[in-house]
>>> print(open('protein-v5.csv').read())   # CSV, C-alpha atoms
chain,number,residue,atom,x,y,z
A,1,ARG,CA,-26.9,-125.4,92.0
A,2,ALA,CA,-27.3,-122.6,89.4
A,3,GLU,CA,-30.4,-124.5,88.0
A,4,ILE,CA,-32.0,-124.5,91.4
A,5,ARG,CA,-31.4,-120.7,91.9
A,6,SER,CA,-32.7,-120.0,88.5
A,7,ALA,CA,-35.9,-122.0,89.1
A,8,ILE,CA,-36.5,-120.2,92.4
A,9,GLU,CA,-36.0,-116.8,90.8
A,10,GLU,CA,-38.3,-117.7,87.9
A,11,GLU,CA,-40.8,-119.4,90.2
A,12,ARG,CA,-40.9,-122.6,88.2
A,13,THR,CA,-40.6,-126.3,88.8
A,14,CYS,CA,-37.2,-128.0,88.4
A,15,VAL,CA,-35.7,-131.4,88.8
A,16,VAL,CA,-31.9,-131.8,89.3
A,17,GLU,CA,-29.5,-134.6,90.0
A,18,LEU,CA,-26.7,-133.8,92.4
A,19,LEU,CA,-23.7,-135.7,93.5
A,20,ASN,CA,-23.5,-135.5,97.3
A,21,TYR,CA,-21.4,-137.0,100.0
A,22,ARG,CA,-22.5,-138.7,103.2
A,23,LYS,CA,-20.9,-138.0,106.6
A,24,ASP,CA,-18.6,-141.0,106.2
A,25,GLY,CA,-17.4,-139.5,102.9
A,26,THR,CA,-19.1,-142.0,100.5
A,27,ALA,CA,-20.7,-140.5,97.4
A,28,PHE,CA,-24.3,-140.8,96.4
A,29,TRP,CA,-26.5,-139.4,93.8
A,30,ASN,CA,-29.5,-137.3,94.9
A,31,ARG,CA,-32.5,-136.3,92.8
A,32,LEU,CA,-34.1,-133.1,94.0
A,33,SER,CA,-37.4,-131.9,92.7
A,34,LEU,CA,-38.7,-128.4,93.5
A,35,THR,CA,-42.3,-127.4,93.1
A,36,PRO,CA,-43.6,-123.9,93.8
A,37,VAL,CA,-46.7,-123.5,96.0
A,38,ARG,CA,-49.0,-120.6,95.0
A,39,ASP,CA,-51.7,-118.9,97.0
A,40,ALA,CA,-55.2,-118.0,95.6
A,41,GLU,CA,-53.8,-115.0,93.9
A,42,GLY,CA,-51.1,-117.0,92.1
A,43,ARG,CA,-48.2,-115.7,94.1
A,44,VAL,CA,-45.5,-118.2,95.2
A,45,ARG,CA,-45.5,-118.5,98.9
A,46,HIS,CA,-42.9,-121.3,99.2
A,47,PHE,CA,-41.4,-124.3,97.5
A,48,ILE,CA,-41.8,-128.0,98.3
A,49,GLY,CA,-38.6,-130.0,97.8
A,50,VAL,CA,-38.6,-133.8,97.5
A,51,GLN,CA,-35.3,-135.7,97.6
A,52,SER,CA,-34.6,-139.3,96.6
A,53,ASP,CA,-31.4,-141.4,96.5
A,54,ILE,CA,-30.9,-142.5,92.9
A,55,THR,CA,-27.4,-143.9,93.2
A,56,GLU,CA,-28.4,-147.3,92.0
A,57,HIS,CA,-30.2,-145.9,89.0
A,58,VAL,CA,-27.3,-143.6,88.0
A,59,THR,CA,-24.8,-146.5,88.5
A,60,ALA,CA,-26.9,-148.7,86.3
A,61,GLU,CA,-27.1,-146.1,83.6
A,62,GLU,CA,-23.3,-145.6,83.7
A,63,ARG,CA,-22.8,-149.4,83.5
A,64,LEU,CA,-25.2,-149.5,80.4
A,65,LYS,CA,-23.3,-146.7,78.7
A,66,LYS,CA,-20.0,-148.5,79.3
A,67,MET,CA,-21.4,-151.7,78.0
A,68,ALA,CA,-22.8,-149.9,74.9
A,69,HIS,CA,-19.5,-148.3,74.3
A,70,GLU,CA,-17.7,-151.6,74.6
A,71,LEU,CA,-20.2,-153.3,72.3
A,72,GLN,CA,-19.7,-150.5,69.8
A,73,GLU,CA,-15.9,-151.0,69.9
A,74,ALA,CA,-16.4,-154.8,69.6
A,75,ASN,CA,-18.6,-154.4,66.6
A,76,ALA,CA,-16.1,-152.1,65.0
A,77,ARG,CA,-13.3,-154.6,65.5
A,78,LEU,CA,-15.6,-157.4,64.2
A,79,THR,CA,-16.4,-155.4,61.1
A,80,GLU,CA,-12.7,-154.6,60.6
A,81,ASN,CA,-11.8,-158.3,60.9
A,82,LEU,CA,-14.6,-159.4,58.5
A,83,ASN,CA,-13.5,-156.8,55.9
A,84,ALA,CA,-10.0,-158.1,56.2
A,85,ALA,CA,-11.2,-161.7,55.8
A,86,ALA,CA,-13.2,-160.7,52.8
A,87,LYS,CA,-10.2,-159.0,51.3
A,88,VAL,CA,-8.2,-162.2,51.8
A,89,GLN,CA,-10.9,-164.2,50.2
A,90,ARG,CA,-11.1,-161.9,47.2
A,91,ALA,CA,-7.3,-162.3,46.8
A,92,MET,CA,-7.8,-166.0,46.1
A,93,LEU,CA,-9.8,-165.2,42.9
A,94,PRO,CA,-8.1,-165.4,39.6
A,95,GLU,CA,-6.7,-162.4,37.8
A,96,SER,CA,-9.4,-160.2,36.1
A,97,HIS,CA,-7.9,-160.9,32.7
A,98,ILE,CA,-6.8,-164.5,32.5
A,99,ARG,CA,-4.5,-165.4,29.6
A,100,VAL,CA,-4.1,-169.0,28.8
A,101,PRO,CA,-2.9,-170.2,25.3
A,102,GLY,CA,-5.7,-172.0,23.6
A,103,ALA,CA,-8.5,-170.9,25.8
A,104,ASP,CA,-10.1,-167.6,27.0
A,105,PHE,CA,-11.7,-167.1,30.3
A,106,ALA,CA,-14.0,-164.6,32.0
A,107,TRP,CA,-15.7,-164.6,35.4
A,108,ARG,CA,-17.9,-162.7,37.8
A,109,TYR,CA,-18.1,-163.1,41.6
A,110,GLN,CA,-20.8,-161.4,43.6
A,111,PRO,CA,-21.2,-162.3,47.3
A,112,CYS,CA,-24.5,-161.6,48.9
A,113,GLU,CA,-22.7,-160.8,52.2
A,114,GLY,CA,-19.2,-159.6,53.0
A,115,LEU,CA,-17.9,-163.2,53.2
A,116,ALA,CA,-19.0,-165.7,50.7
A,117,GLY,CA,-19.5,-169.5,50.6
A,118,ASP,CA,-18.7,-169.5,46.9
A,119,LEU,CA,-15.3,-169.5,45.3
A,120,LEU,CA,-14.0,-170.0,41.8
A,121,ASN,CA,-10.6,-170.3,40.2
A,122,VAL,CA,-8.7,-170.9,37.0
A,123,PHE,CA,-5.1,-172.1,36.9
A,124,ARG,CA,-2.5,-173.5,34.5
A,125,LEU,CA,-1.2,-176.9,35.4
A,126,ASP,CA,1.4,-177.2,32.6
A,127,GLU,CA,1.8,-176.0,29.1
A,128,ASP,CA,-1.2,-177.9,27.8
A,129,HIS,CA,-3.6,-178.2,30.8
A,130,VAL,CA,-5.7,-175.7,32.7
A,131,GLY,CA,-8.0,-176.5,35.6
A,132,PHE,CA,-11.0,-174.5,36.7
A,133,TYR,CA,-13.8,-174.8,39.1
A,134,VAL,CA,-16.7,-173.2,41.0
A,135,LEU,CA,-17.6,-174.4,44.5
A,136,ASP,CA,-20.5,-173.5,46.7
A,137,VAL,CA,-20.5,-174.2,50.5
A,138,SER,CA,-23.9,-174.6,52.1
A,139,GLY,CA,-25.0,-171.6,54.2
A,140,HIS,CA,-23.5,-168.1,54.3
A,141,GLY,CA,-21.2,-166.0,56.5
A,142,THR,CA,-18.0,-166.9,58.3
A,143,ALA,CA,-18.4,-170.6,58.7
A,144,ALA,CA,-19.1,-171.1,54.9
A,145,ALA,CA,-16.3,-168.8,54.0
A,146,LEU,CA,-13.8,-170.7,56.2
A,147,LEU,CA,-14.7,-174.0,54.5
A,148,ALA,CA,-14.5,-172.4,51.1
A,149,VAL,CA,-11.0,-171.1,51.8
A,150,ALA,CA,-9.9,-174.5,53.2
A,151,VAL,CA,-11.0,-176.2,50.0
A,152,ASN,CA,-9.3,-173.6,47.9
A,153,ARG,CA,-5.9,-174.2,49.5
A,154,LEU,CA,-6.1,-177.9,48.6
A,155,LEU,CA,-6.9,-177.0,45.0
A,156,LEU,CA,-3.8,-174.8,44.4
A,157,PRO,CA,-1.8,-175.9,41.4
A,158,THR,CA,1.5,-176.2,43.2
A,159,VAL,CA,3.4,-179.4,43.3
A,160,SER,CA,3.0,-180.6,46.9
A,161,ALA,CA,1.8,-183.4,49.0
A,162,SER,CA,-1.2,-181.5,50.0
A,163,SER,CA,-2.3,-180.4,46.5
A,164,LEU,CA,-5.2,-182.4,45.1
A,165,VAL,CA,-4.7,-181.3,41.5
A,166,LYS,CA,-1.0,-181.6,40.9
A,167,ARG,CA,1.1,-184.2,42.8
A,168,GLN,CA,4.7,-185.4,42.7
A,169,ARG,CA,5.3,-189.0,41.9
A,170,ARG,CA,7.3,-190.8,44.5
A,171,LYS,CA,9.4,-193.0,42.1
A,172,ASP,CA,10.8,-190.5,39.6
A,173,GLY,CA,10.0,-187.2,41.3
A,174,ALA,CA,8.0,-186.0,38.3
A,175,TYR,CA,4.5,-184.5,38.8
A,176,GLU,CA,1.2,-185.8,37.6
A,177,ILE,CA,-2.0,-184.0,36.9
A,178,VAL,CA,-4.9,-185.5,38.9
A,179,SER,CA,-8.1,-186.4,37.1
A,180,PRO,CA,-11.3,-184.5,38.0
A,181,ALA,CA,-12.9,-187.7,39.3
A,182,LYS,CA,-9.9,-188.3,41.6
A,183,VAL,CA,-10.0,-184.7,42.8
A,184,ALA,CA,-13.6,-185.1,43.8
A,185,ASP,CA,-12.9,-188.5,45.5
A,186,GLU,CA,-10.1,-187.0,47.5
A,187,LEU,CA,-12.3,-184.0,48.6
A,188,ASN,CA,-15.0,-186.5,49.6
A,189,LYS,CA,-12.5,-188.3,51.9
A,190,THR,CA,-11.0,-185.1,53.3
A,191,PHE,CA,-14.4,-183.4,54.1
A,192,PRO,CA,-16.7,-186.1,55.4
A,193,TRP,CA,-20.2,-185.2,56.5
A,194,GLU,CA,-20.3,-183.9,60.1
A,195,THR,CA,-23.6,-183.9,61.9
A,196,GLU,CA,-22.4,-181.2,64.4
A,197,THR,CA,-21.7,-178.6,61.7
A,198,GLY,CA,-24.1,-179.8,59.1
A,199,GLN,CA,-21.8,-178.3,56.4
A,200,PHE,CA,-21.2,-179.7,52.9
A,201,PHE,CA,-20.3,-178.2,49.6
A,202,THR,CA,-20.8,-178.7,45.9
A,203,ILE,CA,-18.2,-178.3,43.2
A,204,ALA,CA,-17.9,-178.4,39.5
A,205,TYR,CA,-14.3,-179.1,38.5
A,206,ALA,CA,-13.0,-179.3,34.9
A,207,LEU,CA,-9.6,-180.1,33.3
A,208,LEU,CA,-9.1,-178.7,29.8
A,209,ASN,CA,-6.4,-179.9,27.4
A,210,CYS,CA,-5.8,-176.7,25.4
A,211,ARG,CA,-4.0,-178.6,22.7
A,212,THR,CA,-6.6,-181.3,22.0
A,213,ARG,CA,-9.5,-179.3,23.4
A,214,GLU,CA,-10.7,-182.3,25.4
A,215,LEU,CA,-12.6,-181.3,28.5
A,216,ARG,CA,-12.8,-183.7,31.4
A,217,HIS,CA,-15.2,-182.7,34.1
A,218,VAL,CA,-17.0,-183.8,37.3
A,219,SER,CA,-20.0,-182.4,39.2
A,220,ALA,CA,-20.4,-183.1,42.9
A,221,GLY,CA,-23.9,-182.0,43.6
A,222,HIS,CA,-23.2,-178.8,41.6
A,223,PRO,CA,-25.3,-177.4,38.7
A,224,GLY,CA,-24.1,-178.9,35.4
A,225,PHE,CA,-22.2,-176.5,33.2
A,226,VAL,CA,-23.7,-175.1,30.0
A,227,HIS,CA,-22.0,-175.9,26.8
A,228,ILE,CA,-22.7,-173.5,23.9
A,229,PRO,CA,-21.4,-175.1,20.7
A,230,ALA,CA,-20.3,-172.5,18.0
A,231,GLY,CA,-23.1,-173.5,15.7
A,232,GLY,CA,-25.6,-175.3,18.0
A,233,ARG,CA,-28.0,-175.1,20.8
A,234,ALA,CA,-27.1,-175.0,24.5
A,235,ARG,CA,-26.6,-178.3,26.2
A,236,ILE,CA,-25.8,-179.5,29.7
A,237,PRO,CA,-23.5,-182.5,29.4
A,238,GLY,CA,-23.0,-185.2,32.0
A,239,SER,CA,-24.9,-185.7,35.3
A,240,ALA,CA,-24.3,-184.6,38.9
A,241,ASP,CA,-23.3,-186.9,41.7
A,242,LEU,CA,-24.0,-186.1,45.4
A,243,PRO,CA,-22.3,-183.1,47.1
A,244,ILE,CA,-18.9,-183.6,48.7
A,245,GLY,CA,-19.2,-185.4,52.0
A,246,LEU,CA,-22.4,-187.2,51.0
A,247,GLN,CA,-21.2,-189.4,48.2
A,248,ARG,CA,-20.8,-193.1,48.7
A,249,GLY,CA,-18.5,-194.6,46.2
A,250,ARG,CA,-16.5,-192.9,43.5
A,251,TYR,CA,-17.4,-189.9,41.5
A,252,GLN,CA,-18.2,-190.2,37.8
A,253,GLU,CA,-16.1,-188.3,35.3
A,254,HIS,CA,-17.4,-187.1,31.9
A,255,THR,CA,-15.6,-186.0,28.8
A,256,SER,CA,-16.6,-183.4,26.2
A,257,GLN,CA,-14.8,-182.5,23.0
A,258,LEU,CA,-14.8,-178.8,22.4
A,259,GLU,CA,-14.4,-177.1,19.0
A,260,PRO,CA,-13.2,-173.7,18.0
A,261,GLY,CA,-15.8,-171.1,19.0
A,262,ASP,CA,-17.4,-173.3,21.7
A,263,ARG,CA,-18.1,-171.8,25.1
A,264,VAL,CA,-18.6,-173.4,28.5
A,265,TYR,CA,-20.2,-171.7,31.4
A,266,MET,CA,-20.0,-172.8,35.1
A,267,TYR,CA,-22.1,-171.2,37.7
A,268,SER,CA,-23.3,-171.5,41.3
A,269,ASP,CA,-27.0,-172.0,42.1
A,270,GLY,CA,-27.2,-168.4,43.1
A,271,VAL,CA,-27.7,-167.8,39.3
A,272,THR,CA,-30.5,-170.3,38.5
A,273,GLU,CA,-32.2,-169.9,42.0
A,274,CYS,CA,-32.2,-166.1,41.8
A,275,ALA,CA,-35.7,-165.2,42.8
A,276,ASN,CA,-37.9,-162.2,41.9
A,277,ARG,CA,-40.3,-160.5,44.3
A,278,THR,CA,-43.0,-163.1,43.6
A,279,GLY,CA,-40.7,-166.0,44.3
A,280,GLY,CA,-40.2,-167.0,40.6
A,281,LEU,CA,-36.7,-168.4,39.9
A,282,PHE,CA,-34.5,-167.3,37.0
A,283,GLY,CA,-34.0,-171.0,36.2
A,284,GLU,CA,-31.8,-173.1,34.0
A,285,GLN,CA,-33.9,-172.7,30.8
A,286,ARG,CA,-33.8,-168.9,31.0
A,287,LEU,CA,-30.1,-169.0,31.6
A,288,CYS,CA,-29.5,-171.3,28.6
A,289,GLY,CA,-31.7,-169.0,26.4
A,290,ALA,CA,-29.8,-165.9,27.5
A,291,LEU,CA,-26.4,-167.5,26.7
A,292,GLU,CA,-27.6,-168.6,23.3
A,293,GLU,CA,-29.1,-165.2,22.5
A,294,HIS,CA,-25.9,-163.4,23.3
A,295,ARG,CA,-23.3,-165.8,21.8
A,296,ARG,CA,-22.2,-163.0,19.5
A,297,LEU,CA,-21.1,-160.9,22.5
A,298,SER,CA,-17.6,-161.2,23.7
A,299,LEU,CA,-17.1,-163.8,26.4
A,300,ASP,CA,-16.6,-161.1,29.1
A,301,ALA,CA,-19.7,-159.2,27.9
A,302,SER,CA,-21.8,-162.3,27.9
A,303,VAL,CA,-21.0,-162.9,31.6
A,304,GLU,CA,-21.6,-159.3,32.5
A,305,ASP,CA,-25.0,-159.5,30.6
A,306,ILE,CA,-26.1,-162.4,32.8
A,307,LEU,CA,-25.5,-160.3,35.9
A,308,ARG,CA,-27.6,-157.5,34.4
A,309,GLN,CA,-30.4,-159.9,33.6
A,310,LEU,CA,-30.3,-161.3,37.2
A,311,GLU,CA,-30.5,-157.8,38.6
A,312,ALA,CA,-33.5,-157.0,36.3
A,313,TRP,CA,-35.1,-160.3,37.4
A,314,ARG,CA,-34.8,-159.4,41.1
A,315,ARG,CA,-36.4,-155.9,40.4
A,316,GLY,CA,-34.5,-154.2,43.2
A,317,ALA,CA,-34.6,-157.1,45.7
A,318,PRO,CA,-31.2,-157.9,47.2
A,319,PRO,CA,-29.6,-161.3,46.2
A,320,ARG,CA,-30.3,-164.1,48.6
A,321,ASP,CA,-27.3,-166.2,47.6
A,322,ASP,CA,-23.8,-165.7,46.3
A,323,ILE,CA,-23.5,-165.5,42.6
A,324,SER,CA,-20.5,-167.0,40.7
A,325,LEU,CA,-20.0,-167.3,36.9
A,326,LEU,CA,-17.0,-168.7,35.2
A,327,ALA,CA,-16.8,-168.9,31.4
A,328,CYS,CA,-14.4,-170.6,29.0
A,329,GLN,CA,-14.1,-170.2,25.2
A,330,ILE,CA,-12.0,-172.0,22.6
A,331,PRO,CA,-10.7,-169.3,20.2
A,332,GLU,CA,-11.8,-169.6,16.6
>>> encode(input="protein-v5.csv", output="structure tokens")
Amino acid sequence: RAEIRSAIEEERTCVVELLNYRKDGTAFWNRLSLTPVRDAEGRVRHFIGVQSDITEHVTAEERLKKMAHELQEANARLTENLNAAAKVQRAMLPESHIRVPGADFAWRYQPCEGLAGDLLNVFRLDEDHVGFYVLDVSGHGTAAALLAVAVNRLLLPTVSASSLVKRQRRKDGAYEIVSPAKVADELNKTFPWETETGQFFTIAYALLNCRTRELRHVSAGHPGFVHIPAGGRARIPGSADLPIGLQRGRYQEHTSQLEPGDRVYMYSDGVTECANRTGGLFGEQRLCGALEEHRRLSLDASVEDILRQLEAWRRGAPPRDDISLLACQIPE
């Protein structure tokens, strides 16, 4: 009302929206536009008023505002839930400083999104043996993260019927450490290929005897690990079978004898397939060269250096895949 009076006093056009009521008491929105009519000398003689019922328009606007508010709240809840899920996933990673008699470890884990399809872990199985792995689920986001978490639960080093790495024998009740090939076979049975989801995963799993320094390992569609001998060139031992869910028949296990000063690096394909702005990949050869060049760095520093090189290689471009690096060294 005040806007209308002000427009009349100032002899100007105005448009206002008013909530009015019909004779039956129902409310409706009315848009009133006032336009001054001037004579030849520019003096306002009267106003022309045009009214229109805009109830449907106002109702639609209010409904859109309500929907936008509800969507904003839903997005906030979703973000909160995703952050909580990412926190749970990070809690499954090993301790930052892993202490295992007879072996040193270092790792880096860099998801390209909040939730990752990568996971890695290091765990003691008994006084002599330690297991470690890097797994990579196809795709990204929630679906990939859920599968990665499900696999992680089966690879926990607790003596139970569900653990694939350490099982209790039925006859005498003692536990047995499961071989890497058998672990991959059991994963392949547990997670068969499903056309509906189209999901699969790769994994490199290793079992190290810290006393004898014998390393037994298997690769299910995963990049082969890099072995840096203390006084030799980088090598990639063994060969990779098909990813979990796609293999027909048993997985092949390989054995490597490590010596004091030797290093082993496991990684996900987010490392070698890291692309620069022109589409060039970091590649296996460049990775091996970098690890050879920096063998005099501490194990942790060498892993950190690879992340710096990947960042420099991208030249500011965001990573397109999760990056996992897990390194092991036999103390000299």
>>> residues_around(input="protein-v5.csv", residues="stretch 49-53 of chain A", least_positions_apart="3", cutoff="6 Å", atoms="all atoms listed in the file", output="MDAnalysis selection string")
chainID A and resid 29:34
>>> residues_around(input="protein-v5.csv", residues="A:Arg108", least_positions_apart="4", cutoff="7 Å", atoms="all atoms listed in the file", output="list in words")
Val303, Ser324, Leu325 and Leu326 of chain A
>>> atom_distance(input="protein-v5.csv", atom1="atom CA of A:Thr197", atom2="atom CA of A:Leu71")
27.5 Å
>>> atom_distance(input="protein-v5.csv", atom1="atom CA of A:Thr59", atom2="atom CA of A:Glu73")
21.1 Å
>>> closest_residue(input="protein-v5.csv", among="A:His46, A:Arg295, A:Arg213, A:His69", to="A:Pro260", atoms="all atoms listed in the file")
A:Arg213
>>> residues_around(input="protein-v5.csv", residues="A:Glu194", least_positions_apart="6", cutoff="10 Å", atoms="all atoms listed in the file", output="PyMOL selection string")
chain A and resi 200+245-246
>>> closest_residue(input="protein-v5.csv", among="A:Cys112, A:Ile236, A:Val130, A:Leu154", to="A:Pro319", atoms="all atoms listed in the file")
A:Cys112
>>> atom_distance(input="protein-v5.csv", atom1="atom CA of A:Gln110", atom2="atom CA of A:Ala317")
14.6 Å
>>> closest_residue(input="protein-v5.csv", among="A:Ala230, A:Val122, A:Ala181, A:Cys274", to="A:Val218", atoms="all atoms listed in the file")
A:Ala181
>>> closest_residue(input="protein-v5.csv", among="A:Gln199, A:Asn209, A:Ser219, A:Thr35", to="A:Tyr267", atoms="all atoms listed in the file")
A:Ser219
>>> closest_residue(input="protein-v5.csv", among="A:Arg153, A:Arg169, A:Arg63, A:His254", to="A:Ala206", atoms="all atoms listed in the file")
A:His254
>>> residues_around(input="protein-v5.csv", residues="A:Ser160", least_positions_apart="6", cutoff="12 Å", atoms="all atoms listed in the file", output="PyMOL selection string")
chain A and resi 153-154+166-170+173-177
>>> residues_around(input="protein-v5.csv", residues="A:Arg263", least_positions_apart="5", cutoff="12 Å", atoms="all atoms listed in the file", output="PDB file with C-alpha atoms, keeping the file's coordinate frame")
ATOM      1  CA  ALA A 103      -8.500-170.900  25.800  1.00  0.00           C
ATOM      2  CA  ASP A 104     -10.100-167.600  27.000  1.00  0.00           C
ATOM      3  CA  PHE A 105     -11.700-167.100  30.300  1.00  0.00           C
ATOM      4  CA  ALA A 106     -14.000-164.600  32.000  1.00  0.00           C
ATOM      5  CA  ARG A 213      -9.500-179.300  23.400  1.00  0.00           C
ATOM      6  CA  LEU A 215     -12.600-181.300  28.500  1.00  0.00           C
ATOM      7  CA  PHE A 225     -22.200-176.500  33.200  1.00  0.00           C
ATOM      8  CA  VAL A 226     -23.700-175.100  30.000  1.00  0.00           C
ATOM      9  CA  HIS A 227     -22.000-175.900  26.800  1.00  0.00           C
ATOM     10  CA  ILE A 228     -22.700-173.500  23.900  1.00  0.00           C
ATOM     11  CA  PRO A 229     -21.400-175.100  20.700  1.00  0.00           C
ATOM     12  CA  ALA A 230     -20.300-172.500  18.000  1.00  0.00           C
ATOM     13  CA  GLY A 231     -23.100-173.500  15.700  1.00  0.00           C
ATOM     14  CA  GLY A 232     -25.600-175.300  18.000  1.00  0.00           C
ATOM     15  CA  ARG A 233     -28.000-175.100  20.800  1.00  0.00           C
ATOM     16  CA  ALA A 234     -27.100-175.000  24.500  1.00  0.00           C
ATOM     17  CA  ARG A 235     -26.600-178.300  26.200  1.00  0.00           C
ATOM     18  CA  ILE A 236     -25.800-179.500  29.700  1.00  0.00           C
ATOM     19  CA  SER A 256     -16.600-183.400  26.200  1.00  0.00           C
ATOM     20  CA  GLN A 257     -14.800-182.500  23.000  1.00  0.00           C
ATOM     21  CA  LEU A 258     -14.800-178.800  22.400  1.00  0.00           C
ATOM     22  CA  CYS A 288     -29.500-171.300  28.600  1.00  0.00           C
ATOM     23  CA  LEU A 291     -26.400-167.500  26.700  1.00  0.00           C
ATOM     24  CA  GLU A 292     -27.600-168.600  23.300  1.00  0.00           C
ATOM     25  CA  HIS A 294     -25.900-163.400  23.300  1.00  0.00           C
ATOM     26  CA  ARG A 295     -23.300-165.800  21.800  1.00  0.00           C
ATOM     27  CA  ARG A 296     -22.200-163.000  19.500  1.00  0.00           C
ATOM     28  CA  LEU A 297     -21.100-160.900  22.500  1.00  0.00           C
ATOM     29  CA  SER A 298     -17.600-161.200  23.700  1.00  0.00           C
ATOM     30  CA  LEU A 299     -17.100-163.800  26.400  1.00  0.00           C
ATOM     31  CA  ASP A 300     -16.600-161.100  29.100  1.00  0.00           C
ATOM     32  CA  SER A 302     -21.800-162.300  27.900  1.00  0.00           C
ATOM     33  CA  VAL A 303     -21.000-162.900  31.600  1.00  0.00           C
ATOM     34  CA  LEU A 326     -17.000-168.700  35.200  1.00  0.00           C
ATOM     35  CA  ALA A 327     -16.800-168.900  31.400  1.00  0.00           C
ATOM     36  CA  CYS A 328     -14.400-170.600  29.000  1.00  0.00           C
ATOM     37  CA  GLN A 329     -14.100-170.200  25.200  1.00  0.00           C
ATOM     38  CA  ILE A 330     -12.000-172.000  22.600  1.00  0.00           C
ATOM     39  CA  PRO A 331     -10.700-169.300  20.200  1.00  0.00           C
ATOM     40  CA  GLU A 332     -11.800-169.600  16.600  1.00  0.00           C
TER      41      GLU A 332
END
>>> closest_residue(input="protein-v5.csv", among="A:Val151, A:Glu95, A:Val183, A:Cys14", to="A:Gly131", atoms="all atoms listed in the file")
A:Val183
>>> residues_near_point(input="protein-v5.csv", point="(-37.7, -167.9, 41.7)", cutoff="12 Å", atoms="all atoms listed in the file", output="list in words")
Asp269, Gly270, Val271, Thr272, Glu273, Cys274, Ala275, Asn276, Arg277, Thr278, Gly279, Gly280, Leu281, Phe282, Gly283, Glu284, Arg286, Leu310, Trp313, Arg314, Ala317, Pro319 and Arg320 of chain A
>>> decode(input="protein-v5.csv", residues="stretch 203-219 of chain A", atoms="N, CA and C atoms", output="PDB file, in the first residue's frame")
ATOM      1  N   ILE A 203      44.019 -56.728  -7.552  1.00  0.00           N
ATOM      2  CA  ILE A 203      44.721 -56.716  -6.265  1.00  0.00           C
ATOM      3  C   ILE A 203      46.102 -57.329  -6.426  1.00  0.00           C
ATOM      4  N   ALA A 204      47.059 -56.724  -5.756  1.00  0.00           N
ATOM      5  CA  ALA A 204      48.388 -57.312  -5.593  1.00  0.00           C
ATOM      6  C   ALA A 204      48.525 -57.630  -4.114  1.00  0.00           C
ATOM      7  N   TYR A 205      48.724 -58.913  -3.812  1.00  0.00           N
ATOM      8  CA  TYR A 205      48.816 -59.350  -2.419  1.00  0.00           C
ATOM      9  C   TYR A 205      50.135 -60.073  -2.209  1.00  0.00           C
ATOM     10  N   ALA A 206      50.815 -59.749  -1.127  1.00  0.00           N
ATOM     11  CA  ALA A 206      52.131 -60.342  -0.852  1.00  0.00           C
ATOM     12  C   ALA A 206      52.197 -60.828   0.589  1.00  0.00           C
ATOM     13  N   LEU A 207      52.959 -61.895   0.773  1.00  0.00           N
ATOM     14  CA  LEU A 207      53.198 -62.467   2.091  1.00  0.00           C
ATOM     15  C   LEU A 207      54.708 -62.543   2.297  1.00  0.00           C
ATOM     16  N   LEU A 208      55.222 -61.803   3.275  1.00  0.00           N
ATOM     17  CA  LEU A 208      56.657 -61.732   3.524  1.00  0.00           C
ATOM     18  C   LEU A 208      57.012 -62.484   4.799  1.00  0.00           C
ATOM     19  N   ASN A 209      57.989 -63.406   4.686  1.00  0.00           N
ATOM     20  CA  ASN A 209      58.574 -64.034   5.859  1.00  0.00           C
ATOM     21  C   ASN A 209      59.753 -63.161   6.291  1.00  0.00           C
ATOM     22  N   CYS A 210      59.576 -62.427   7.354  1.00  0.00           N
ATOM     23  CA  CYS A 210      60.592 -61.461   7.776  1.00  0.00           C
ATOM     24  C   CYS A 210      61.875 -62.146   8.250  1.00  0.00           C
ATOM     25  N   ARG A 211      61.795 -63.410   8.620  1.00  0.00           N
ATOM     26  CA  ARG A 211      62.983 -64.117   9.092  1.00  0.00           C
ATOM     27  C   ARG A 211      63.823 -64.619   7.920  1.00  0.00           C
ATOM     28  N   THR A 212      63.169 -65.254   6.923  1.00  0.00           N
ATOM     29  CA  THR A 212      63.900 -65.787   5.767  1.00  0.00           C
ATOM     30  C   THR A 212      63.972 -64.794   4.617  1.00  0.00           C
ATOM     31  N   ARG A 213      63.170 -63.724   4.672  1.00  0.00           N
ATOM     32  CA  ARG A 213      63.072 -62.681   3.633  1.00  0.00           C
ATOM     33  C   ARG A 213      62.478 -63.222   2.331  1.00  0.00           C
ATOM     34  N   GLU A 214      61.767 -64.331   2.410  1.00  0.00           N
ATOM     35  CA  GLU A 214      61.081 -64.861   1.235  1.00  0.00           C
ATOM     36  C   GLU A 214      59.767 -64.106   1.036  1.00  0.00           C
ATOM     37  N   LEU A 215      59.536 -63.649  -0.187  1.00  0.00           N
ATOM     38  CA  LEU A 215      58.333 -62.899  -0.519  1.00  0.00           C
ATOM     39  C   LEU A 215      57.495 -63.708  -1.512  1.00  0.00           C
ATOM     40  N   ARG A 216      56.328 -64.107  -1.097  1.00  0.00           N
ATOM     41  CA  ARG A 216      55.381 -64.810  -1.970  1.00  0.00           C
ATOM     42  C   ARG A 216      54.314 -63.802  -2.382  1.00  0.00           C
ATOM     43  N   HIS A 217      54.001 -63.770  -3.661  1.00  0.00           N
ATOM     44  CA  HIS A 217      53.104 -62.718  -4.137  1.00  0.00           C
ATOM     45  C   HIS A 217      52.251 -63.190  -5.309  1.00  0.00           C
ATOM     46  N   VAL A 218      51.129 -62.522  -5.482  1.00  0.00           N
ATOM     47  CA  VAL A 218      50.204 -62.813  -6.564  1.00  0.00           C
ATOM     48  C   VAL A 218      49.650 -61.488  -7.077  1.00  0.00           C
ATOM     49  N   SER A 219      49.370 -61.435  -8.366  1.00  0.00           N
ATOM     50  CA  SER A 219      48.780 -60.235  -8.972  1.00  0.00           C
ATOM     51  C   SER A 219      47.545 -60.645  -9.769  1.00  0.00           C
TER      52      SER A 219
END
